Amino acid sequence: MLRIIFLLSLLFALSNASVQDFCVANLKRAETPAGYPCIRPIHVKASDFVFSLGTPGNTTNIISAAVTPGFVAQFPALNGLGISTARLDLAPKGVIPMHTHPGASEVLFVLDGSITAGFISSANSVYVQTLKPGQVMVFPQGLLHFQINAGKSAAVAFVTFSSASPGLQILDFALFANSLSTELVSATTFLDPKVIKTLKGSHRLCLLAKTKYKHSP
């Protein structure tokens, strides 16, 4: 009998979840693996479903680029919908460093300028393409990828993700901005310890860490 009651309760909960139109995040509450708790529908406004990515990001940094995120932390209406977005601004020679999103696939749409983008598969195959305005490229979940301004003028692109919180890991940080000893990094990457020490203490890496390249809250 208890099993039957449990199953009925589970089915009832799932049926409610499946017919729920939206769940605007209550950011004052703690996030759970299933997302944020919902704001009560009577308190939800039409403006909650609108978010602006019209303002260019500040590209005066070492990567000459900026990412303006539209994730659940900035756009609470995305909560539970499995999607998110962001704006990329790349000044001439701007670059979005090699990175990965553990929790989402990414679609890049170029609005202005020219962007060379690419990713590396788990078989170490490289896929690189120079994109023009109106073109779209997809980056499968979890794979290393990058974007570089390929033109002489500013480039603008918009990206969408298959998660409200796609996550982010930047390759340079993972290798050289961690607390692992130089000896361990050398043993696992086969790089010369002198090179690793230089990279760990790199002034450029410190500057990169201070830029506003943030995909997640």
# chains A, B, ... in the order shown; residues from 1 in each chain; ligands from 1

call {"tool": "select_by_dssp", "arguments": {"residues": "range 48-217 of chain A", "states": "alpha helix (DSSP H)", "output": "compact mmCIF listing (two decimals) with C-alpha atoms, in the first residue's frame"}}
result
# COMPACT_ATOMS: atom_id res chain seq x y z
CA LEU A 171 41.69 25.89 -20.09
CA ASP A 172 44.42 28.32 -18.97
CA PHE A 173 42.90 28.55 -15.51
CA ALA A 174 42.47 24.80 -15.23
CA LEU A 175 46.13 24.20 -16.00
CA PHE A 176 47.96 27.14 -14.47
CA THR A 182 54.39 22.59 -10.36
CA GLU A 183 55.67 19.03 -10.00
CA LEU A 184 52.17 17.54 -10.38
CA VAL A 185 51.30 19.76 -13.33
CA SER A 186 54.59 18.80 -14.98
CA ALA A 187 54.04 15.09 -14.35
CA THR A 188 50.54 15.18 -15.86
CA THR A 189 51.20 17.51 -18.81
CA PRO A 193 58.70 22.82 -14.75
CA LYS A 194 60.37 26.11 -15.65
CA VAL A 195 57.69 26.80 -18.24
CA ILE A 196 54.95 25.93 -15.75
CA LYS A 197 56.40 28.24 -13.09
CA THR A 198 56.54 31.04 -15.64
CA LEU A 199 52.94 30.48 -16.65
CA LYS A 200 51.74 30.19 -13.04
CA HIS A 203 51.43 38.74 -15.15
CA ARG A 204 49.25 38.22 -18.23
CA LEU A 205 47.45 35.33 -16.54
CA CYS A 206 46.82 37.49 -13.48
CA LEU A 207 45.35 40.19 -15.70
CA LEU A 208 43.21 37.63 -17.48
CA ALA A 209 41.85 36.46 -14.14
CA LYS A 210 40.71 40.01 -13.42

call {"tool": "select_by_dssp", "arguments": {"residues": "chain A", "states": "strand (DSSP E)", "output": "PyMOL selection string"}}
result
chain A and resi 65-70+84-90+95-100+106-112+115-120+126-131+136-139+144-149+155-161+169-170

call {"tool": "residues_around", "arguments": {"residues": "range 87-104 of chain A", "least_positions_apart": "5", "cutoff": "8 Å", "atoms": "only C-alpha atoms", "output": "short mmCIF file (atom, residue, chain, number, x, y, z; two decimals) with N, CA and C atoms, in the first residue's frame"}}
result
data_model
loop_
_atom_site.label_atom_id
_atom_site.label_comp_id
_atom_site.auth_asym_id
_atom_site.auth_seq_id
_atom_site.Cartn_x
_atom_site.Cartn_y
_atom_site.Cartn_z
N LEU A 53 20.10 42.53 -23.96
CA LEU A 53 21.50 42.32 -24.29
C LEU A 53 21.95 43.37 -25.31
N PRO A 56 26.66 47.08 -25.39
CA PRO A 56 27.96 46.43 -25.65
C PRO A 56 28.75 46.24 -24.37
N GLY A 57 29.48 45.14 -24.29
CA GLY A 57 30.33 44.88 -23.14
C GLY A 57 31.63 45.66 -23.23
N ASN A 58 32.31 45.78 -22.11
CA ASN A 58 33.58 46.51 -22.05
C ASN A 58 34.72 45.61 -22.51
N THR A 59 35.32 45.96 -23.65
CA THR A 59 36.38 45.13 -24.22
C THR A 59 37.78 45.67 -23.93
N ILE A 63 41.98 40.38 -23.11
CA ILE A 63 41.46 39.53 -24.19
C ILE A 63 40.71 40.35 -25.24
N SER A 64 40.57 41.65 -25.00
CA SER A 64 39.86 42.56 -25.92
C SER A 64 38.48 42.02 -26.27
N ALA A 65 37.81 41.47 -25.27
CA ALA A 65 36.50 40.87 -25.49
C ALA A 65 35.68 40.94 -24.22
N ALA A 66 34.38 40.79 -24.37
CA ALA A 66 33.49 40.80 -23.21
C ALA A 66 32.33 39.83 -23.45
N VAL A 67 31.93 39.18 -22.38
CA VAL A 67 30.77 38.29 -22.42
C VAL A 67 29.73 38.84 -21.45
N THR A 68 28.55 39.15 -21.96
CA THR A 68 27.45 39.62 -21.12
C THR A 68 26.44 38.48 -20.99
N PRO A 69 26.39 37.84 -19.82
CA PRO A 69 25.54 36.65 -19.69
C PRO A 69 24.07 36.96 -19.48
N GLY A 70 23.25 36.10 -20.00
CA GLY A 70 21.82 36.11 -19.73
C GLY A 70 21.44 34.74 -19.21
N PRO A 140 29.34 21.37 -29.42
CA PRO A 140 28.74 20.32 -28.58
C PRO A 140 29.17 20.41 -27.11
N GLN A 141 28.30 19.97 -26.26
CA GLN A 141 28.49 20.05 -24.81
C GLN A 141 29.82 19.44 -24.37
N GLY A 142 30.52 20.20 -23.52
CA GLY A 142 31.72 19.69 -22.88
C GLY A 142 32.99 19.76 -23.70
N LEU A 143 32.92 20.17 -24.97
CA LEU A 143 34.12 20.19 -25.81
C LEU A 143 34.82 21.56 -25.75
N LEU A 144 36.14 21.53 -25.80
CA LEU A 144 36.92 22.76 -25.81
C LEU A 144 36.62 23.55 -27.08
N HIS A 145 36.42 24.86 -26.94
CA HIS A 145 36.15 25.70 -28.09
C HIS A 145 36.61 27.14 -27.84
N PHE A 146 36.59 27.95 -28.89
CA PHE A 146 37.10 29.31 -28.80
C PHE A 146 36.44 30.17 -29.87
N GLN A 147 36.59 31.49 -29.73
CA GLN A 147 36.18 32.45 -30.75
C GLN A 147 37.22 33.56 -30.83
N ILE A 148 37.57 33.97 -32.05
CA ILE A 148 38.54 35.04 -32.28
C ILE A 148 37.98 36.00 -33.32
N ASN A 149 38.16 37.30 -33.07
CA ASN A 149 37.77 38.29 -34.07
C ASN A 149 38.71 38.17 -35.27
N ALA A 150 38.14 37.84 -36.43
CA ALA A 150 38.95 37.62 -37.63
C ALA A 150 39.01 38.84 -38.53
N GLY A 151 38.40 39.93 -38.12
CA GLY A 151 38.37 41.12 -38.96
C GLY A 151 39.12 42.29 -38.35
N LYS A 152 38.98 43.44 -38.97
CA LYS A 152 39.66 44.65 -38.51
C LYS A 152 38.72 45.59 -37.76
N SER A 153 37.46 45.19 -37.64
CA SER A 153 36.48 46.00 -36.91
C SER A 153 35.87 45.15 -35.80
N ALA A 154 35.10 45.79 -34.95
CA ALA A 154 34.48 45.07 -33.84
C ALA A 154 33.51 44.01 -34.35
N ALA A 155 33.41 42.93 -33.60
CA ALA A 155 32.49 41.84 -33.93
C ALA A 155 31.52 41.64 -32.78
N VAL A 156 30.29 41.30 -33.14
CA VAL A 156 29.25 41.05 -32.13
C VAL A 156 28.57 39.73 -32.46
N ALA A 157 28.35 38.93 -31.44
CA ALA A 157 27.65 37.66 -31.63
C ALA A 157 26.76 37.40 -30.42
N PHE A 158 25.76 36.58 -30.63
CA PHE A 158 24.90 36.13 -29.55
C PHE A 158 24.96 34.61 -29.48
N VAL A 159 24.96 34.10 -28.27
CA VAL A 159 25.01 32.65 -28.10
C VAL A 159 23.80 32.20 -27.27
N PHE A 161 22.47 28.62 -25.01
CA PHE A 161 22.93 27.38 -24.39
C PHE A 161 21.75 26.48 -24.07
N SER A 162 22.03 25.19 -24.01
CA SER A 162 20.98 24.22 -23.73
C SER A 162 20.81 23.97 -22.23
N SER A 163 21.12 24.99 -21.45
CA SER A 163 20.96 24.93 -19.99
C SER A 163 20.84 26.35 -19.46
N SER A 165 22.10 27.18 -16.70
CA SER A 165 23.39 27.39 -16.04
C SER A 165 24.42 26.48 -16.71
N PRO A 166 25.00 26.92 -17.83
CA PRO A 166 25.87 26.03 -18.62
C PRO A 166 27.20 25.69 -17.98
N GLY A 167 27.65 26.49 -17.01
CA GLY A 167 28.95 26.26 -16.41
C GLY A 167 30.08 26.73 -17.31
N LEU A 168 31.26 26.84 -16.75
CA LEU A 168 32.41 27.33 -17.50
C LEU A 168 33.70 26.82 -16.89
N GLN A 169 34.61 26.35 -17.76
CA GLN A 169 35.98 26.05 -17.34
C GLN A 169 36.92 26.56 -18.42
N ILE A 170 37.80 27.49 -18.06
CA ILE A 170 38.77 28.06 -18.99
C ILE A 170 40.05 27.23 -18.91
N LEU A 171 40.55 26.80 -20.05
CA LEU A 171 41.69 25.89 -20.09
C LEU A 171 42.91 26.45 -19.37
N ASP A 172 43.25 27.72 -19.62
CA ASP A 172 44.42 28.32 -18.97
C ASP A 172 44.31 28.27 -17.45
#

call {"tool": "closest_residue", "arguments": {"among": "A:Val24, A:Leu180, A:Ala46, A:Ile62", "to": "Leu81 in chain A", "atoms": "only C-alpha atoms"}}
result
A:Val24

call {"tool": "residues_around", "arguments": {"residues": "Phe75 in chain A", "least_positions_apart": "3", "cutoff": "9 Å", "atoms": "only C-alpha atoms", "output": "list in words"}}
result
Val24, Ala25, Asp48, Phe49, Val50, Phe51, Pro69, Gly70, Phe71, Val72, Leu78, Asn79 and Ser84 of chain A

call {"tool": "atom_distance", "arguments": {"atom1": "CA of Leu108 in chain A", "atom2": "CA of Met137 in chain A"}}
result
5.2 Å

call {"tool": "atom_distance", "arguments": {"atom1": "CA of Val126 in chain A", "atom2": "CA of Ala177 in chain A"}}
result
25.3 Å

call {"tool": "residues_around", "arguments": {"residues": "Cys23 in chain A", "least_positions_apart": "6", "cutoff": "7 Å", "atoms": "only C-alpha atoms", "output": "JSON, numbers by chain"}}
result
{"A": [38, 39, 77, 79, 80]}

call {"tool": "write_last_selection", "arguments": {"atoms": "N, CA, C and O atoms", "output": "PDB file, in the first residue's frame"}}
result
ATOM      1  N   CYS A  38      10.225  28.694  -7.277  1.00  0.00           N
ATOM      2  CA  CYS A  38       9.472  29.595  -8.147  1.00  0.00           C
ATOM      3  C   CYS A  38       8.885  30.774  -7.374  1.00  0.00           C
ATOM      4  O   CYS A  38       8.470  30.636  -6.224  1.00  0.00           O
ATOM      5  N   ILE A  39       8.833  31.910  -8.028  1.00  0.00           N
ATOM      6  CA  ILE A  39       8.013  33.017  -7.535  1.00  0.00           C
ATOM      7  C   ILE A  39       6.549  32.639  -7.763  1.00  0.00           C
ATOM      8  O   ILE A  39       6.197  32.038  -8.780  1.00  0.00           O
ATOM      9  N   ALA A  77      13.532  34.296 -15.460  1.00  0.00           N
ATOM     10  CA  ALA A  77      12.473  33.582 -16.176  1.00  0.00           C
ATOM     11  C   ALA A  77      12.991  32.329 -16.867  1.00  0.00           C
ATOM     12  O   ALA A  77      12.204  31.459 -17.265  1.00  0.00           O
ATOM     13  N   ASN A  79      14.591  30.001 -15.483  1.00  0.00           N
ATOM     14  CA  ASN A  79      14.626  28.920 -14.504  1.00  0.00           C
ATOM     15  C   ASN A  79      13.756  27.739 -14.945  1.00  0.00           C
ATOM     16  O   ASN A  79      12.575  27.890 -15.223  1.00  0.00           O
ATOM     17  N   GLY A  80      14.374  26.574 -15.037  1.00  0.00           N
ATOM     18  CA  GLY A  80      13.631  25.366 -15.376  1.00  0.00           C
ATOM     19  C   GLY A  80      13.365  25.156 -16.847  1.00  0.00           C
ATOM     20  O   GLY A  80      12.832  24.111 -17.240  1.00  0.00           O
TER      21      GLY A  80
END

call {"tool": "atom_distance", "arguments": {"atom1": "CA of Ala73 in chain A", "atom2": "CA of Ala86 in chain A"}}
result
12.2 Å

call {"tool": "residues_around", "arguments": {"residues": "Phe139 in chain A", "least_positions_apart": "4", "cutoff": "7 Å", "atoms": "only C-alpha atoms", "output": "PDB file with N, CA, C and O atoms, in the first residue's frame"}}
result
ATOM      1  N   SER A 105      25.382  22.484 -24.505  1.00  0.00           N
ATOM      2  CA  SER A 105      25.843  22.764 -25.861  1.00  0.00           C
ATOM      3  C   SER A 105      25.600  24.239 -26.137  1.00  0.00           C
ATOM      4  O   SER A 105      24.784  24.882 -25.477  1.00  0.00           O
ATOM      5  N   GLU A 106      26.303  24.774 -27.120  1.00  0.00           N
ATOM      6  CA  GLU A 106      26.240  26.216 -27.409  1.00  0.00           C
ATOM      7  C   GLU A 106      25.998  26.451 -28.897  1.00  0.00           C
ATOM      8  O   GLU A 106      26.566  25.746 -29.744  1.00  0.00           O
ATOM      9  N   VAL A 107      25.173  27.420 -29.211  1.00  0.00           N
ATOM     10  CA  VAL A 107      24.967  27.857 -30.590  1.00  0.00           C
ATOM     11  C   VAL A 107      25.373  29.325 -30.680  1.00  0.00           C
ATOM     12  O   VAL A 107      24.896  30.156 -29.905  1.00  0.00           O
ATOM     13  N   PHE A 119      36.164  24.128 -32.432  1.00  0.00           N
ATOM     14  CA  PHE A 119      36.168  23.254 -31.257  1.00  0.00           C
ATOM     15  C   PHE A 119      36.999  22.014 -31.546  1.00  0.00           C
ATOM     16  O   PHE A 119      37.315  21.697 -32.708  1.00  0.00           O
TER      17      PHE A 119
END

call {"tool": "closest_residue", "arguments": {"among": "A:Ser125, A:Pro76, A:Gly134, A:Lys45", "to": "Glu31 in chain A", "atoms": "only C-alpha atoms"}}
result
A:Pro76
